[in-house]
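Engineer: Contents are JSON, C-alpha atoms and all ligand atoms; file name structure-v9.json:
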[["chain", "number", "residue", "atom", "x", "y", "z"],
["A", 3, "MET", "CA", -17.51, 58.83, -22.48],
["A", 4, "ASN", "CA", -18.05, 57.28, -19.07],
["A", 5, "GLU", "CA", -19.05, 53.92, -20.49],
["A", 6, "VAL", "CA", -17.06, 50.70, -20.39],
["A", 7, "PRO", "CA", -18.09, 47.91, -22.79],
["A", 8, "LEU", "CA", -18.20, 45.16, -20.19],
["A", 9, "SER", "CA", -21.01, 42.79, -19.23],
["A", 10, "VAL", "CA", -21.38, 39.75, -16.99],
["A", 11, "LYS", "CA", -20.91, 37.58, -20.10],
["A", 12, "SER", "CA", -17.28, 38.72, -20.29],
["A", 13, "ALA", "CA", -16.64, 37.01, -16.94],
["A", 14, "TYR", "CA", -17.26, 33.64, -18.63],
["A", 15, "LEU", "CA", -15.30, 31.68, -21.20],
["A", 16, "ASP", "CA", -16.33, 31.81, -24.81],
["A", 17, "ASP", "CA", -18.80, 29.05, -25.84],
["A", 18, "GLU", "CA", -16.43, 27.76, -28.54],
["A", 19, "ILE", "CA", -13.58, 27.29, -26.08],
["A", 20, "ILE", "CA", -15.85, 25.49, -23.61],
["A", 21, "HIS", "CA", -17.10, 23.25, -26.43],
["A", 22, "SER", "CA", -13.56, 22.31, -27.51],
["A", 23, "ILE", "CA", -12.59, 21.55, -23.87],
["A", 24, "ARG", "CA", -15.67, 19.34, -23.42],
["A", 25, "MET", "CA", -14.90, 17.47, -26.66],
["A", 26, "LYS", "CA", -11.40, 16.64, -25.36],
["A", 27, "LEU", "CA", -12.77, 15.49, -22.01],
["A", 28, "TYR", "CA", -15.98, 13.66, -22.78],
["A", 29, "HIS", "CA", -16.03, 12.62, -26.45],
["A", 30, "SER", "CA", -14.79, 9.15, -27.38],
["A", 31, "SER", "CA", -12.34, 10.75, -29.83],
["A", 32, "GLY", "CA", -10.82, 12.95, -27.11],
["A", 33, "PRO", "CA", -8.12, 11.84, -24.65],
["A", 34, "GLY", "CA", -10.24, 12.44, -21.51],
["A", 35, "TYR", "CA", -7.97, 15.24, -20.32],
["A", 36, "VAL", "CA", -7.06, 18.77, -21.28],
["A", 37, "VAL", "CA", -3.77, 20.53, -20.53],
["A", 38, "PHE", "CA", -3.59, 24.24, -19.71],
["A", 39, "ARG", "CA", 0.13, 24.98, -20.13],
["A", 40, "GLN", "CA", 1.36, 27.65, -17.71],
["A", 41, "PHE", "CA", -2.12, 28.19, -16.31],
["A", 42, "ILE", "CA", -0.34, 30.19, -13.64],
["A", 43, "PRO", "CA", 2.86, 32.16, -14.30],
["A", 44, "SER", "CA", 6.15, 30.75, -13.03],
["A", 45, "GLU", "CA", 6.45, 33.33, -10.22],
["A", 46, "TYR", "CA", 3.06, 32.16, -8.87],
["A", 47, "SER", "CA", 3.97, 28.45, -9.06],
["A", 48, "ARG", "CA", 7.39, 29.10, -7.47],
["A", 49, "HIS", "CA", 5.73, 31.09, -4.65],
["A", 50, "ILE", "CA", 3.10, 28.37, -4.00],
["A", 51, "PHE", "CA", 5.73, 25.60, -4.18],
["A", 52, "ASP", "CA", 8.05, 27.41, -1.74],
["A", 53, "TYR", "CA", 5.26, 28.29, 0.66],
["A", 54, "TRP", "CA", 4.00, 24.70, 1.04],
["A", 55, "THR", "CA", 7.37, 22.97, 0.96],
["A", 56, "LYS", "CA", 9.52, 25.42, 2.97],
["A", 57, "TYR", "CA", 7.66, 28.15, 4.85],
["A", 58, "VAL", "CA", 4.38, 26.74, 6.14],
["A", 59, "VAL", "CA", 4.37, 25.86, 9.84],
["A", 60, "PRO", "CA", 1.52, 23.35, 9.95],
["A", 61, "GLU", "CA", 1.42, 23.28, 13.74],
["A", 62, "LYS", "CA", 0.48, 26.99, 13.66],
["A", 63, "SER", "CA", -1.89, 27.22, 10.71],
["A", 64, "HIS", "CA", -3.41, 23.73, 10.59],
["A", 65, "GLN", "CA", -4.71, 21.02, 12.90],
["A", 66, "GLN", "CA", -4.03, 17.33, 12.54],
["A", 67, "PHE", "CA", -6.35, 15.56, 10.15],
["A", 68, "ILE", "CA", -7.81, 12.54, 11.92],
["A", 69, "SER", "CA", -11.02, 11.79, 10.10],
["A", 70, "ARG", "CA", -13.17, 12.96, 7.18],
["A", 71, "GLU", "CA", -15.91, 13.61, 9.75],
["A", 72, "LEU", "CA", -13.95, 16.75, 10.66],
["A", 73, "LEU", "CA", -14.69, 18.29, 7.26],
["A", 74, "ARG", "CA", -17.56, 20.54, 8.17],
["A", 75, "PRO", "CA", -18.18, 24.31, 8.10],
["A", 76, "GLY", "CA", -16.32, 26.33, 10.69],
["A", 77, "ASN", "CA", -13.60, 23.75, 11.25],
["A", 78, "PRO", "CA", -9.99, 24.80, 10.72],
["A", 79, "ASN", "CA", -7.47, 23.87, 8.04],
["A", 80, "PHE", "CA", -6.06, 20.38, 8.48],
["A", 81, "TYR", "CA", -2.85, 18.57, 7.59],
["A", 82, "SER", "CA", -1.64, 15.01, 7.71],
["A", 83, "GLN", "CA", 1.87, 13.59, 7.56],
["A", 84, "SER", "CA", 3.02, 10.03, 6.80],
["A", 85, "PRO", "CA", 6.08, 8.36, 8.33],
["A", 86, "ASN", "CA", 7.89, 8.71, 4.97],
["A", 87, "GLY", "CA", 7.45, 12.51, 5.07],
["A", 88, "SER", "CA", 4.53, 12.79, 2.63],
["A", 89, "LYS", "CA", 2.14, 15.59, 3.56],
["A", 90, "SER", "CA", -1.37, 16.73, 2.69],
["A", 91, "PHE", "CA", -2.90, 20.10, 3.51],
["A", 92, "TYR", "CA", -6.68, 20.60, 3.48],
["A", 93, "ASN", "CA", -7.55, 24.26, 3.02],
["A", 94, "PRO", "CA", -11.33, 24.88, 2.93],
["A", 95, "PHE", "CA", -12.44, 28.11, 1.27],
["A", 96, "TRP", "CA", -14.38, 29.05, 4.43],
["A", 97, "ASN", "CA", -11.15, 29.74, 6.37],
["A", 98, "ALA", "CA", -8.80, 32.70, 6.25],
["A", 99, "PRO", "CA", -6.19, 31.69, 3.66],
["A", 100, "PRO", "CA", -2.80, 30.58, 4.99],
["A", 101, "ASP", "CA", -1.46, 31.83, 1.64],
["A", 102, "GLU", "CA", -3.53, 34.24, -0.46],
["A", 103, "VAL", "CA", -1.91, 33.34, -3.80],
["A", 104, "THR", "CA", -2.79, 29.67, -3.31],
["A", 105, "HIS", "CA", -6.36, 30.55, -2.28],
["A", 106, "GLU", "CA", -6.93, 32.84, -5.27],
["A", 107, "VAL", "CA", -5.52, 30.36, -7.80],
["A", 108, "CYS", "CA", -7.60, 27.52, -6.28],
["A", 109, "LEU", "CA", -10.79, 29.58, -6.50],
["A", 110, "LYS", "CA", -10.13, 30.37, -10.17],
["A", 111, "ILE", "CA", -9.57, 26.69, -10.95],
["A", 112, "VAL", "CA", -12.82, 25.68, -9.25],
["A", 113, "HIS", "CA", -14.68, 28.38, -11.21],
["A", 114, "LEU", "CA", -13.16, 27.13, -14.46],
["A", 115, "ARG", "CA", -14.08, 23.54, -13.68],
["A", 116, "ASN", "CA", -17.64, 24.57, -12.75],
["A", 117, "GLN", "CA", -17.99, 26.20, -16.14],
["A", 118, "ILE", "CA", -16.67, 23.14, -17.94],
["A", 119, "GLU", "CA", -19.08, 20.92, -16.02],
["A", 120, "SER", "CA", -21.94, 23.37, -16.66],
["A", 121, "ARG", "CA", -22.47, 24.15, -13.00],
["A", 122, "PRO", "CA", -23.08, 27.61, -11.50],
["A", 123, "SER", "CA", -19.90, 29.46, -10.49],
["A", 124, "PHE", "CA", -20.78, 29.17, -6.78],
["A", 125, "SER", "CA", -21.31, 25.41, -6.97],
["A", 126, "GLU", "CA", -19.53, 23.45, -4.21],
["A", 127, "ILE", "CA", -17.60, 26.51, -2.99],
["A", 128, "PHE", "CA", -19.79, 27.13, 0.05],
["A", 129, "PRO", "CA", -20.35, 24.26, 2.47],
["A", 130, "ILE", "CA", -23.85, 22.86, 2.78],
["A", 131, "PRO", "CA", -24.10, 20.06, 5.39],
["A", 132, "GLY", "CA", -24.87, 16.81, 3.64],
["A", 133, "GLY", "CA", -23.76, 18.21, 0.25],
["A", 134, "ARG", "CA", -20.35, 18.34, -1.38],
["A", 135, "CYS", "CA", -17.83, 21.15, -1.14],
["A", 136, "VAL", "CA", -14.47, 21.43, -2.87],
["A", 137, "ILE", "CA", -11.64, 21.48, -0.35],
["A", 138, "PRO", "CA", -8.38, 22.22, -2.17],
["A", 139, "ARG", "CA", -5.69, 19.77, -1.09],
["A", 140, "ILE", "CA", -1.98, 20.40, -1.45],
["A", 141, "VAL", "CA", -0.19, 17.06, -1.65],
["A", 142, "ILE", "CA", 3.54, 16.40, -1.29],
["A", 143, "THR", "CA", 4.34, 12.76, -2.03],
["A", 144, "LYS", "CA", 7.64, 11.17, -1.06],
["A", 145, "THR", "CA", 9.10, 7.77, -1.96],
["A", 146, "GLY", "CA", 6.61, 4.92, -2.03],
["A", 147, "LYS", "CA", 4.95, 2.19, -4.06],
["A", 148, "ASN", "CA", 1.26, 1.67, -4.90],
["A", 149, "ILE", "CA", 0.51, 5.20, -3.72],
["A", 150, "LEU", "CA", -2.78, 5.35, -5.56],
["A", 151, "VAL", "CA", -4.14, 1.98, -6.65],
["A", 152, "PRO", "CA", -5.87, 2.06, -10.04],
["A", 153, "HIS", "CA", -9.45, 3.22, -9.54],
["A", 154, "SER", "CA", -12.07, 5.58, -10.92],
["A", 155, "ASP", "CA", -14.42, 8.02, -9.19],
["A", 156, "TYR", "CA", -18.07, 8.87, -9.90],
["A", 157, "GLY", "CA", -18.23, 6.19, -12.62],
["A", 158, "LEU", "CA", -20.93, 3.64, -13.41],
["A", 159, "ASP", "CA", -19.40, 1.11, -11.00],
["A", 160, "GLU", "CA", -19.98, 3.32, -7.94],
["A", 161, "PRO", "CA", -21.77, 1.22, -5.30],
["A", 162, "LYS", "CA", -24.06, 4.12, -4.37],
["A", 163, "PRO", "CA", -26.08, 5.34, -7.39],
["A", 164, "GLU", "CA", -26.11, 8.93, -6.01],
["A", 165, "ASN", "CA", -22.33, 8.99, -6.48],
["A", 166, "ILE", "CA", -22.51, 8.31, -10.23],
["A", 167, "ASP", "CA", -21.78, 11.57, -12.04],
["A", 168, "LEU", "CA", -20.07, 11.18, -15.41],
["A", 169, "ARG", "CA", -19.61, 14.90, -16.03],
["A", 170, "ARG", "CA", -17.34, 15.22, -13.00],
["A", 171, "THR", "CA", -13.74, 16.14, -13.67],
["A", 172, "GLN", "CA", -10.74, 16.45, -11.39],
["A", 173, "ALA", "CA", -8.12, 19.17, -11.73],
["A", 174, "THR", "CA", -4.43, 18.76, -10.92],
["A", 175, "LEU", "CA", -2.24, 21.81, -10.68],
["A", 176, "PHE", "CA", 1.33, 20.52, -11.04],
["A", 177, "LEU", "CA", 3.90, 22.37, -8.90],
["A", 178, "SER", "CA", 7.03, 20.20, -9.13],
["A", 179, "LYS", "CA", 8.98, 18.89, -12.10],
["A", 180, "TYR", "CA", 9.32, 15.22, -13.00],
["A", 181, "GLY", "CA", 13.01, 14.23, -13.12],
["A", 182, "LYS", "CA", 14.16, 17.24, -11.11],
["A", 183, "ASP", "CA", 12.03, 16.89, -7.97],
["A", 184, "TYR", "CA", 11.04, 13.18, -8.18],
["A", 185, "SER", "CA", 10.93, 10.15, -10.46],
["A", 186, "GLY", "CA", 8.91, 6.93, -10.65],
["A", 187, "SER", "CA", 5.62, 6.38, -12.45],
["A", 188, "GLY", "CA", 4.11, 9.76, -11.55],
["A", 189, "PHE", "CA", 0.43, 10.15, -12.28],
["A", 190, "ILE", "CA", -0.97, 7.52, -14.65],
["A", 191, "PHE", "CA", -4.20, 8.28, -16.48],
["A", 192, "ASN", "CA", -6.26, 5.92, -18.65],
["A", 193, "THR", "CA", -7.52, 7.83, -21.69],
["A", 194, "ASN", "CA", -10.96, 7.51, -23.29],
["A", 195, "GLN", "CA", -9.24, 5.02, -25.65],
["A", 196, "ARG", "CA", -8.04, 3.07, -22.55],
["A", 197, "GLU", "CA", -4.40, 3.87, -23.13],
["A", 198, "LYS", "CA", -2.20, 4.57, -20.14],
["A", 199, "VAL", "CA", -0.44, 7.94, -20.09],
["A", 200, "GLN", "CA", 2.21, 8.88, -17.53],
["A", 201, "LEU", "CA", 1.16, 12.50, -17.55],
["A", 202, "GLU", "CA", 4.17, 14.44, -16.23],
["A", 203, "LYS", "CA", 6.68, 12.27, -18.11],
["A", 204, "GLU", "CA", 4.93, 11.87, -21.46],
["A", 205, "LEU", "CA", 3.46, 15.38, -21.68],
["A", 206, "ASN", "CA", 6.61, 17.02, -20.28],
["A", 207, "LEU", "CA", 4.59, 18.97, -17.73],
["A", 208, "ASP", "CA", 6.10, 21.94, -15.92],
["A", 209, "PRO", "CA", 5.23, 23.61, -12.63],
["A", 210, "GLY", "CA", 2.22, 25.84, -13.22],
["A", 211, "ASP", "CA", 0.60, 23.48, -15.75],
["A", 212, "LEU", "CA", -3.00, 22.54, -15.00],
["A", 213, "VAL", "CA", -4.58, 19.30, -16.21],
["A", 214, "ILE", "CA", -8.32, 18.77, -15.99],
["A", 215, "TRP", "CA", -9.25, 15.13, -16.44],
["A", 216, "LYS", "CA", -12.36, 12.97, -16.49],
["A", 217, "TYR", "CA", -12.88, 11.66, -12.96],
["A", 218, "SER", "CA", -14.52, 8.40, -14.06],
["A", 219, "ASN", "CA", -11.45, 7.30, -16.07],
["A", 220, "VAL", "CA", -9.07, 4.94, -14.25],
["A", 221, "HIS", "CA", -6.11, 6.71, -12.64],
["A", 222, "ALA", "CA", -3.22, 5.60, -10.43],
["A", 223, "ILE", "CA", 0.22, 6.36, -9.01],
["A", 224, "ASP", "CA", 2.35, 3.21, -9.07],
["A", 225, "SER", "CA", 5.53, 4.64, -7.57],
["A", 226, "ILE", "CA", 7.32, 7.82, -6.57],
["A", 227, "ASN", "CA", 11.07, 7.97, -5.93],
["A", 228, "VAL", "CA", 12.57, 10.94, -4.13],
["A", 229, "ASP", "CA", 16.35, 11.15, -3.74],
["A", 230, "ASP", "CA", 18.26, 13.23, -1.18],
["A", 231, "GLY", "CA", 17.81, 16.89, -1.96],
["A", 232, "GLN", "CA", 14.61, 16.32, -3.96],
["A", 233, "VAL", "CA", 11.28, 17.66, -2.69],
["A", 234, "GLY", "CA", 8.85, 15.14, -4.11],
["A", 235, "PHE", "CA", 5.71, 15.12, -6.22],
["A", 236, "VAL", "CA", 3.90, 18.36, -5.32],
["A", 237, "ARG", "CA", 0.48, 19.28, -6.69],
["A", 238, "ILE", "CA", -2.92, 20.66, -5.75],
["A", 239, "LEU", "CA", -6.10, 18.60, -6.12],
["A", 240, "PHE", "CA", -9.70, 19.75, -5.91],
["A", 241, "PRO", "CA", -11.82, 16.93, -4.48],
["A", 242, "PRO", "CA", -15.51, 17.61, -3.92],
["A", 243, "GLU", "CA", -15.67, 16.38, -0.32],
["A", 244, "LYS", "CA", -18.84, 15.19, 1.34],
["A", 245, "ILE", "CA", -19.55, 17.72, 4.08],
["A", 246, "CYS", "CA", -20.40, 16.21, 7.43],
["A", 247, "PRO", "CA", -23.46, 17.21, 9.42],
["A", 248, "SER", "CA", -23.38, 20.13, 11.88],
["A", 249, "LYS", "CA", -21.65, 19.80, 15.24],
["A", 250, "LYS", "CA", -24.96, 19.05, 16.99],
["A", 251, "GLN", "CA", -25.86, 16.34, 14.46],
["A", 252, "PHE", "CA", -22.28, 15.06, 14.62],
["A", 253, "LEU", "CA", -22.37, 14.72, 18.44],
["A", 254, "GLY", "CA", -25.78, 13.00, 18.21],
["A", 255, "MET", "CA", -24.32, 10.57, 15.66],
["A", 256, "LYS", "CA", -21.29, 9.86, 17.89],
["A", 257, "THR", "CA", -23.50, 9.30, 20.95],
["A", 258, "ARG", "CA", -25.76, 6.90, 19.04],
["A", 259, "ARG", "CA", -22.70, 5.01, 17.77],
["A", 260, "LEU", "CA", -21.26, 4.78, 21.29],
["A", 261, "PHE", "CA", -24.55, 3.54, 22.74],
["A", 262, "SER", "CA", -24.90, 0.91, 20.04],
["A", 263, "ARG", "CA", -21.31, -0.30, 20.65],
["A", 264, "VAL", "CA", -21.93, -0.59, 24.42],
["A", 265, "PHE", "CA", -25.27, -2.30, 23.79],
["A", 266, "ASN", "CA", -23.71, -4.85, 21.41],
["A", 267, "LYS", "CA", -20.93, -5.62, 23.90],
["A", 268, "LEU", "CA", -23.44, -6.14, 26.72],
["A", 269, "ARG", "CA", -25.53, -8.39, 24.49],
["A", 270, "ARG", "CA", -22.49, -10.50, 23.60],
["A", 271, "PHE", "CA", -21.52, -10.66, 27.27],
["A", 272, "ALA", "CA", -25.02, -11.83, 28.25],
["A", 273, "LYS", "CA", -24.96, -14.76, 25.76],
["B", 301, "FE", "FE", -9.35, 9.13, -7.52]]
What is this file in structure tokens?
Structural biologist:
Amino acid sequence: MNEVPLSVKSAYLDDEIIHSIRMKLYHSSGPGYVVFRQFIPSEYSRHIFDYWTKYVVPEKSHQQFISRELLRPGNPNFYSQSPNGSKSFYNPFWNAPPDEVTHEVCLKIVHLRNQIESRPSFSEIFPIPGGRCVIPRIVITKTGKNILVPHSDYGLDEPKPENIDLRRTQATLFLSKYGKDYSGSGFIFNTNQREKVQLEKELNLDPGDLVIWKYSNVHAIDSINVDDGQVGFVRILFPPEKICPSKKQFLGMKTRRLFSRVFNKLRRFAK
């Protein structure tokens, strides 16, 4: 027998599983989040944690992140660093991966989320100028207060109606351990019943755990404390970033902005 009982359907999650995930996320009886314990095995999470906290040389593999306008196809990976040592790495799928394990895991998470949100598998993986594209972001947060003020995304209070999208979810792949690597509030999520949950602390999350949560629910990080010898709050996020226009359009936009600034100054001067 040269036949293998496999079809394209087997590449997708079972309908019943998807239904139970959606009930947890979207239904008023659900918490608004779903936990995938040990979504990646511990050797994967250890490798990803070590790579981004010890081995990466950002000056070699990334350029400095100055503005969101830089997020457009063909541009390199970016990183930013705060005076307190916090770092963020932006790794678009269109670039050669700095670390293949991270890239593979990120792609799988975006596929899973697309299925949950009932989008095609390829949705927001390839950059389309003017559209959105997921750019996985590795974040290492050090000591600070009011790191993420309470807010929601894509909810009914969005000022631009085109940004309202209640099926949107965010995914957080946790890579460090609360208590061992950092303390403080950690990530605070408001459930569908409007109860605050300090996710890492109350759910006893471990590195490798994935949480998918409803983007339009209020979320915040009040404080992170990192003592000597601790690495910080390390995780990967999957924001669907607005992709800027092409280089030609971008330069045109910049030139128009410059001309209008000069014109306004001259007008003020002439008064
Ligand atoms: Fe947010």
Engineer: Against ligand FE 301 (chain B), which residues of chain A fall within 7 Å? For each one I want the closest pair of atoms and the distance in Å (one decimal), counting all atoms listed in the file, rows by chain and increasing residue number, as a Markdown table.
Structural biologist:
| residue | atom | partner | partner_atom | distance |
| --- | --- | --- | --- | --- |
| A:His153 | CA | B:FE301 | FE | 6.2 |
| A:Ser154 | CA | B:FE301 | FE | 5.6 |
| A:Asp155 | CA | B:FE301 | FE | 5.5 |
| A:Tyr217 | CA | B:FE301 | FE | 7.0 |
| A:His221 | CA | B:FE301 | FE | 6.5 |
Engineer: Please measure the separation of CA of Trp96 in chain A and CA of Leu73 in chain A, giving the value in Å to one decimal.
Structural biologist: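 Separating CA of Trp96 in chain A from CA of Leu73 in chain A is a distance of 11.1 Å.
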Engineer: Ala173 in chain A: which residues within 12 Å, counting all atoms listed in the file, same-chain residues fewer than 6 positions away excluded, as a PyMOL selection string?
Structural biologist: chain A and resi 27+35-38+41+108-116+118-119+136+138-139+211-217+237-242
Engineer: Restricting the calculation to all atoms listed in the file: of A:Ser120, A:Ser262, A:Ser31, A:Asn93, which residue gets closest to Trp54 in chain A?
Structural biologist: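 Of all the options, A:Asn93 lies closest to Trp54 in chain A.
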Engineer: Work out how far apart CA of Asn219 in chain A and CA of Asp159 in chain A are and give it in Å to one decimal.
Structural biologist: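 Going from CA of Asn219 in chain A over to CA of Asp159 in chain A covers 11.3 Å.
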Engineer: When you look at range 197-210 of chain A with a cut-off of 12 Å (counting only C-alpha atoms), what residues show up, excluding the ones that are within fewer than 3 positions of it in the same chain? I need them as number ranges by chain.
Structural biologist: A: 32-52, 104, 107, 152, 174-194, 213-215, 219-225, 235-238
Engineer: Around all the atoms of range 72-76 of chain A listed in the file, with 3 Å of room on each side, what axis-aligned box do you get, giving centre and edge lengths in Å to one decimal, as lines of an AutoDock Vina configuration file?
Structural biologist:
center_x = -16.1
center_y = 21.5
center_z = 9.0
size_x = 10.2
size_y = 15.6
size_z = 9.4
Engineer: What does the distance from CA of Phe124 in chain A to CA of Glu5 in chain A come to in Å, to one decimal?
Structural biologist: 28.3 Å
Engineer: Fewer than 4 positions away in the same chain doesn't count, so skip those; otherwise give me all residues within 9 Å of His64 in chain A, counting all atoms listed in the file, as a VMD selection string.
Structural biologist: chain A and resid 59 to 60 78 to 81 91 to 93 100
Engineer: For a quick check of understanding, using all atoms listed in the file, which of A:Gln83, A:Asn165, A:Thr171, A:Thr257 has the smallest distance to Lys244 in chain A?
Structural biologist: A:Asn165
Engineer: Of the residues A:Ile245, A:Ile149, A:Val264, A:Ile166, which is the one nearest to Asn227 in chain A, using only C-alpha atoms?
Structural biologist: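 Among A:Ile245, A:Ile149, A:Val264, A:Ile166, it is A:Ile149 that comes nearest to Asn227 in chain A.
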Engineer: Restricting the calculation to only C-alpha atoms: of A:Gly234, A:Pro122, A:Pro7, A:Pro131, which residue gets closest to Gly76 in chain A?
Structural biologist: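 Result for the nearest residue to Gly76 in chain A: A:Pro131.
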